[in-house]
Structure formats: structure tokens, C-alpha cells
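Here's the structure, in C-alpha cells; my notes come after.
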Amino acid sequence: MASVARRLGVAPSTLRTWDRRYGLGPSRHTDGRHRRYGTSDIGRLELMQRALLSGASTAEAARYALEQIPRSGPPQPEEPGKPPEADPADDGHEVRSRLARRLSTAALAMDVHAVQHMLADTITELGVLPAWTGVVEPVLSALGARWRGASAGAEVEYLLTECVFAALVRATPVLDEPRNTRPVLLGAAPDERDTMPMYALAASLAGRRIGAQLFGVPLPADVLAVAVRRSAPAAIVLWAHRRGVADTRLFARVSRGRQRSRLFACGPGWDPATLPEKVELLPDLPGAADRIEHVLVGARPARALHGPPGTP
């Protein structure tokens with residue numbers, strides 16, 4: 001469930017609520033009483049999320065998802081007549097859904113002024129990484145899927161992408177005295193097109209007063225190796241979204257020389273089974289920020305320089 005929740009940008013408790021109330025839970029059974037999400041289950045959840053971003057209510061979005069991909073067996077909603085249990089994640093999910101709908105509406109209207117303000121307000125209200133995982137990335141994914149392969153309509157996705165890039169840069173404070181003496185080098189596998197998550201991670205680390213050196217444009221392997229040698233970073237984080245570009249040999253290229261750095265792989269493109277032993281896999285961006293802070297400066301978190309207290 002945790003991996004599905006990360007993929008959708010929602011809390012696991014939200015998935016449990018959708019399962020209990022609307023029958024949108026896992027349908028595959030393993031040994032014993034455990035249930036697992038299958039391809040159709042995830043497809044229904046993605047359809048529901050797109051409907052939510054289009055302005056539908058939660059119940060309407062669930063009904064739409066079940067109509068488009070019917071279940072082979074009966075759904076398992078709450079018992080008729082039984083009042084729904086209060087779920088502490090509901091309020092947070094509703095806030096994220098509201099912000100996502102407003103952002104999506106502004107982008108569809110090509111209202112750049114409204115998009116810029118929405119992004120700034122969302123980052124201020126939620127914090128950088130919660131805004132990215134719970135609002136911005138789901139909206140970008142939904143808009144990208146809506147016009148994939150089409151020329152008309154794709155301009156909305158491009159407009160939003162440029163605004164998100166600018167918002168993340170603005171949300172990255174310039175540090176006078178970072179807590180780490182050697183920087184964290186953030187890069188991407190060569191030929192990786194989706195590098196925006198590294199901007200979100202850089203902004204989050206800066207909010208924790210962790211200095212980072214970000215290469216938003218993927219560097220060729222030899223150029224990246226030179227950058228590592230000259231920067232002498234304390235840690236190297238390489239992002240890969242697509243399996244086709246995630247070449248584990250890249251870690252050997254950047255770890256040569258006398259200066260040793262902690263090596264991290266981040267993103268769904270990396271296969272944990274093929275990573276070298278000395279490379280640590282970071283499962284998601286919030287976990288990446290926590291782990292990097294722990295490795296570089298210890299477990300005690302610093303107060304964020306922006307966003308609500310306690311939210312990176």
C-alpha cells in the first residue's frame with residue numbers, strides 16, 4: 001500500500017478510506033488474509049485522481065473510476081447505514097484536492113498569474129515536498145496523461161512546468177551558513193528528461209539549511225565525474241524516473257578518486273536488485289530529505305526556513 005500511496009501522492013490512510021467507503025481497494029489475494037493492488041486496481045485509483053483534479057467530488061470520482069474499470073468481484077464499501085468513521089487524513093486530503101483543483105483550473109485557463117500565485121500559496125501552506133507530492137506532481141501527471149501524443153492542449157502542461165520550475169527556485173533560500181561543510185550533489189542520469197523532482201529536493205534541503213549543488217540539466221557521465229571530482233561532495237544523489245536511462249555503472253564513474261562520497265539512487269527508475277552494494281536507494285523525496293539530513297548533520301532536524309513548522 002505504501003508504494004501505491006507514494007505513486008499517487010496520497011496518504012496510505014486515504015487509500016484505506018477509499019477502500020472502505022467506495023470499494024476501491026486491492027483485489028488480489030496473497031497467502032493468508034493479505035490483499036495486494038493489481039494493475040486494474042491502480043488504474044481505477046489513477047482515474048479517480050484525475051477526476052478529482054477535474055473538480056469532481058470524491059464520491060463522483062470513485063463512481064467514475066468504477067464505471068470505467070469495473071471490478072470483477074463485488075466492491076467492499078462500508079456497511080449500509082453505518083456512519084463513516086472519521087479519518088484524520090481526510091482533512092489533509094481535502095486540502096490537497098482543493099489546491100490541486102484550483103491549480104489545474106488556472107493552468108487549463110492559461111492564466112499564468114493565477115498559476116504563479118497558486119504555486120506560491122500551496123508551497124507556503126503545505127511546505128515544499130508536501131506541495132510537490134500531494135498537489136503539483138499529481139496535477140502535472142494528470143495534465144500530461146490528458147494530452148499525451150497530442151499537439152493541441154500540450155501547451156497547458158508546458159506552461160505549468162515552467163511555472164513550477166520558477167516556483168521551486170524561488171522557494172530555495174540562499175544559505176549563508178549551511179549546516180554541512182561539503183555539499184550534496186544532486187543530478188540525474190544522462191538522458192533523463194524528468195528532473196523537476198531534484199529541484200523540489202534541493203528546495204527542501206535548503207529549507208533544512210543543507211547546502212546542495214544542483215545540476216538540473218542531466219550531465220554526460222564524463223562531465224558528471226569531473227563535477228564530482230572538483231566539488232568533493234559529501235553525498236551524491238542521482239535521480240532516474242525511467243528504467244531505460246538508469247545505468248548503475250554511473251555510480252562507478254562518479255566514485256573514482258581519493259575523495260569518497262555517500263552514494264544515493266533516487267527515483268522509480270532504479271532497480272534495487274541491480275544497485276551496487278555501496279549505493280543506498282532512497283524510496284521517495286520526503287524519505288530522501290530525511291535520510292540525507294541524518295547522514296550529513298545527524299538526526300536532529302533544523303527548523304525550516306519556509307513553510308509551516310515541521311513540514312520540509
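The chains in the C-alpha cells are called A, B, ... from first to last as shown; in each chain the residues are counted from 1, and the ligands are counted from 1 in the order shown.
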
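Within the 9 Å cut-off around Leu238 in chain A, using only C-alpha atoms and omitting residues fewer than 3 positions from it on the same chain, the listed residues are A:Leu185, A:Leu186, A:Gly187, A:Ala188, A:Ala189, A:Met198, A:Phe251, A:Leu263, A:Phe264, A:Ala265, A:Cys266, A:Gly267.
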
For the selection you just gave me, I'd like the residues written to a file as a tab-separated table (two decimals), in the first residue's frame, keeping all heavy atoms.
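Result file follows (out_0.tsv):
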```
chain	number	residue	atom	x	y	z
A	185	LEU	N	25.59	16.81	-3.88
A	185	LEU	CA	25.47	16.98	-5.34
A	185	LEU	C	24.21	16.26	-5.80
A	185	LEU	O	24.06	15.05	-5.60
A	185	LEU	CB	26.70	16.45	-6.05
A	185	LEU	CG	26.78	16.77	-7.54
A	185	LEU	CD1	28.22	16.98	-7.98
A	185	LEU	CD2	26.16	15.66	-8.39
A	186	LEU	N	23.30	17.01	-6.41
A	186	LEU	CA	22.05	16.47	-6.93
A	186	LEU	C	22.11	16.48	-8.45
A	186	LEU	O	22.32	17.53	-9.06
A	186	LEU	CB	20.85	17.30	-6.46
A	186	LEU	CG	20.69	17.50	-4.95
A	186	LEU	CD1	19.49	18.39	-4.66
A	186	LEU	CD2	20.56	16.17	-4.24
A	187	GLY	N	21.95	15.32	-9.06
A	187	GLY	CA	21.99	15.22	-10.51
A	187	GLY	C	21.02	14.16	-11.00
A	187	GLY	O	20.22	13.61	-10.23
A	188	ALA	N	21.08	13.90	-12.27
A	188	ALA	CA	20.19	12.92	-12.89
A	188	ALA	C	20.97	12.05	-13.84
A	188	ALA	O	22.06	12.43	-14.32
A	188	ALA	CB	19.05	13.62	-13.63
A	189	ALA	N	20.44	10.89	-14.10
A	189	ALA	CA	21.07	10.00	-15.08
A	189	ALA	C	21.05	10.67	-16.46
A	189	ALA	O	20.10	11.38	-16.80
A	189	ALA	CB	20.31	8.68	-15.14
A	198	MET	N	14.27	16.90	-8.56
A	198	MET	CA	15.51	17.31	-7.91
A	198	MET	C	15.47	18.77	-7.48
A	198	MET	O	16.11	19.16	-6.49
A	198	MET	CB	16.70	17.07	-8.85
A	198	MET	CG	17.08	15.61	-9.03
A	198	MET	SD	17.69	14.81	-7.50
A	198	MET	CE	16.17	14.07	-6.87
A	251	PHE	N	27.45	5.05	-11.14
A	251	PHE	CA	27.97	5.22	-9.79
A	251	PHE	C	29.46	4.91	-9.71
A	251	PHE	O	30.20	5.53	-8.95
A	251	PHE	CB	27.18	4.36	-8.81
A	251	PHE	CG	25.77	4.83	-8.61
A	251	PHE	CD1	24.71	4.21	-9.26
A	251	PHE	CD2	25.51	5.90	-7.78
A	251	PHE	CE1	23.42	4.66	-9.08
A	251	PHE	CE2	24.21	6.36	-7.59
A	251	PHE	CZ	23.15	5.73	-8.24
A	263	LEU	N	26.79	7.56	-1.67
A	263	LEU	CA	26.10	7.42	-2.94
A	263	LEU	C	24.65	7.04	-2.72
A	263	LEU	O	24.35	6.09	-1.98
A	263	LEU	CB	26.79	6.37	-3.81
A	263	LEU	CG	28.26	6.61	-4.15
A	263	LEU	CD1	28.83	5.44	-4.94
A	263	LEU	CD2	28.43	7.92	-4.93
A	264	PHE	N	23.75	7.78	-3.37
A	264	PHE	CA	22.33	7.52	-3.25
A	264	PHE	C	21.69	7.47	-4.64
A	264	PHE	O	21.99	8.28	-5.52
A	264	PHE	CB	21.64	8.62	-2.44
A	264	PHE	CG	22.09	8.71	-1.02
A	264	PHE	CD1	23.05	9.65	-0.64
A	264	PHE	CD2	21.58	7.86	-0.05
A	264	PHE	CE1	23.48	9.74	0.67
A	264	PHE	CE2	21.99	7.95	1.27
A	264	PHE	CZ	22.94	8.89	1.62
A	265	ALA	N	20.79	6.51	-4.81
A	265	ALA	CA	19.95	6.43	-6.01
A	265	ALA	C	18.54	6.82	-5.60
A	265	ALA	O	18.02	6.37	-4.58
A	265	ALA	CB	19.95	5.01	-6.59
A	266	CYS	N	17.92	7.67	-6.40
A	266	CYS	CA	16.58	8.16	-6.06
A	266	CYS	C	15.71	8.11	-7.31
A	266	CYS	O	16.16	8.44	-8.41
A	266	CYS	CB	16.66	9.59	-5.51
A	266	CYS	SG	15.12	10.22	-4.83
A	267	GLY	N	14.46	7.69	-7.13
A	267	GLY	CA	13.53	7.65	-8.25
A	267	GLY	C	13.13	6.25	-8.63
A	267	GLY	O	13.85	5.27	-8.36
```

task = Give the helix (DSSP H, G or I) residues of range 96-259 of chain A, as DSSP finds them on the backbone, and put them as a PyMOL selection string.
result = chain A and resi 96-108+112-126+128-146+154-170+196-207+221-231+243-245+249-254

For Leu99 in chain A, the closest of A:Ile69, A:Val136, A:Leu129, A:Ala2 counting only C-alpha atoms is A:Val136

Who sits within 12 Å of Val295 in chain A, only C-alpha atoms, same chain under 6 positions skipped, as an mmCIF file with N, CA and C atoms, in the first residue's frame:
```cif
data_model
loop_
_atom_site.group_PDB
_atom_site.id
_atom_site.type_symbol
_atom_site.label_atom_id
_atom_site.label_comp_id
_atom_site.auth_asym_id
_atom_site.auth_seq_id
_atom_site.Cartn_x
_atom_site.Cartn_y
_atom_site.Cartn_z
ATOM 1 N N ARG A 179 24.520 23.925 7.221
ATOM 2 C CA ARG A 179 24.917 23.040 8.319
ATOM 3 C C ARG A 179 25.956 22.016 7.876
ATOM 4 N N ASN A 180 26.040 21.739 6.603
ATOM 5 C CA ASN A 180 27.020 20.773 6.086
ATOM 6 C C ASN A 180 28.215 21.520 5.511
ATOM 7 N N VAL A 184 25.859 18.590 -0.985
ATOM 8 C CA VAL A 184 25.198 17.426 -1.575
ATOM 9 C C VAL A 184 25.058 17.696 -3.068
ATOM 10 N N ILE A 210 20.567 22.672 4.527
ATOM 11 C CA ILE A 210 21.512 21.721 3.942
ATOM 12 C C ILE A 210 21.888 22.257 2.561
ATOM 13 N N ALA A 234 29.852 15.711 -0.130
ATOM 14 C CA ALA A 234 29.706 14.730 0.936
ATOM 15 C C ALA A 234 28.789 13.597 0.515
ATOM 16 N N ALA A 235 27.851 13.901 -0.390
ATOM 17 C CA ALA A 235 26.907 12.894 -0.862
ATOM 18 C C ALA A 235 26.528 13.202 -2.298
ATOM 19 N N ILE A 236 26.232 12.147 -3.044
ATOM 20 C CA ILE A 236 25.807 12.265 -4.440
ATOM 21 C C ILE A 236 24.454 11.578 -4.569
ATOM 22 N N SER A 261 32.440 9.855 -1.324
ATOM 23 C CA SER A 261 31.135 10.454 -1.096
ATOM 24 C C SER A 261 30.119 9.350 -0.850
ATOM 25 N N ARG A 262 29.103 9.645 -0.055
ATOM 26 C CA ARG A 262 27.986 8.731 0.087
ATOM 27 C C ARG A 262 27.193 8.737 -1.210
ATOM 28 N N LEU A 263 26.789 7.556 -1.666
ATOM 29 C CA LEU A 263 26.101 7.419 -2.943
ATOM 30 C C LEU A 263 24.651 7.037 -2.720
ATOM 31 N N PHE A 264 23.754 7.775 -3.375
ATOM 32 C CA PHE A 264 22.329 7.517 -3.254
ATOM 33 C C PHE A 264 21.686 7.466 -4.640
ATOM 34 N N GLU A 280 22.905 3.440 -1.771
ATOM 35 C CA GLU A 280 21.677 3.337 -0.981
ATOM 36 C C GLU A 280 20.497 3.877 -1.790
ATOM 37 N N ALA A 288 14.075 10.851 1.146
ATOM 38 C CA ALA A 288 15.409 11.270 0.719
ATOM 39 C C ALA A 288 15.894 12.454 1.541
ATOM 40 N N ALA A 289 15.030 13.448 1.738
ATOM 41 C CA ALA A 289 15.428 14.619 2.520
ATOM 42 C C ALA A 289 15.779 14.227 3.950
ATOM 43 N N PRO A 301 16.414 17.452 13.489
ATOM 44 C CA PRO A 301 16.009 18.307 12.381
ATOM 45 C C PRO A 301 16.166 19.782 12.712
#
```

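The space between CA of Leu24 in chain A and CA of Leu45 in chain A spans 7.1 Å.
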
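Distances here use only C-alpha atoms; by that measure, the residue among A:Arg170, A:Arg21, A:Arg16, A:Arg253 closest to Leu224 in chain A is A:Arg253.
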
task: Please run DSSP on the backbone and report, as a list in words, all residues within range 223-285 of chain A that come out as strand (DSSP E).
output: Ala235, Ile236, Val237, Leu238, Trp239, Arg262, Leu263, Phe264, Ala265, Cys266, Val279, Glu280, Leu281 and Leu282 of chain A

Got time to write the residues from that selection, N, CA, C and O atoms, as a compact mmCIF listing (two decimals), in the first residue's frame?
```txt
# COMPACT_ATOMS: atom_id res chain seq x y z
N ALA A 235 27.85 13.90 -0.39
CA ALA A 235 26.91 12.89 -0.86
C ALA A 235 26.53 13.20 -2.30
O ALA A 235 26.53 14.36 -2.72
N ILE A 236 26.23 12.15 -3.04
CA ILE A 236 25.81 12.26 -4.44
C ILE A 236 24.45 11.58 -4.57
O ILE A 236 24.30 10.41 -4.20
N VAL A 237 23.48 12.32 -5.08
CA VAL A 237 22.14 11.77 -5.30
C VAL A 237 21.85 11.82 -6.79
O VAL A 237 21.83 12.91 -7.38
N LEU A 238 21.62 10.66 -7.38
CA LEU A 238 21.33 10.59 -8.81
C LEU A 238 19.89 10.14 -9.01
O LEU A 238 19.48 9.10 -8.51
N TRP A 239 19.15 10.93 -9.76
CA TRP A 239 17.72 10.71 -9.99
C TRP A 239 17.51 10.00 -11.33
O TRP A 239 18.16 10.31 -12.33
N ARG A 262 29.10 9.65 -0.06
CA ARG A 262 27.99 8.73 0.09
C ARG A 262 27.19 8.74 -1.21
O ARG A 262 26.93 9.80 -1.79
N LEU A 263 26.79 7.56 -1.67
CA LEU A 263 26.10 7.42 -2.94
C LEU A 263 24.65 7.04 -2.72
O LEU A 263 24.35 6.09 -1.98
N PHE A 264 23.75 7.78 -3.37
CA PHE A 264 22.33 7.52 -3.25
C PHE A 264 21.69 7.47 -4.64
O PHE A 264 21.99 8.28 -5.52
N ALA A 265 20.79 6.51 -4.81
CA ALA A 265 19.95 6.43 -6.01
C ALA A 265 18.54 6.82 -5.60
O ALA A 265 18.02 6.37 -4.58
N CYS A 266 17.92 7.67 -6.40
CA CYS A 266 16.58 8.16 -6.06
C CYS A 266 15.71 8.11 -7.31
O CYS A 266 16.16 8.44 -8.41
N VAL A 279 25.66 1.63 -2.84
CA VAL A 279 24.67 2.64 -3.22
C VAL A 279 23.39 2.40 -2.45
O VAL A 279 22.83 1.30 -2.46
N GLU A 280 22.91 3.44 -1.77
CA GLU A 280 21.68 3.34 -0.98
C GLU A 280 20.50 3.88 -1.79
O GLU A 280 20.58 4.97 -2.36
N LEU A 281 19.41 3.13 -1.83
CA LEU A 281 18.22 3.54 -2.57
C LEU A 281 17.34 4.41 -1.66
O LEU A 281 17.00 4.02 -0.55
N LEU A 282 16.97 5.59 -2.16
CA LEU A 282 16.05 6.48 -1.46
C LEU A 282 14.66 6.28 -2.05
O LEU A 282 14.47 6.54 -3.25
```
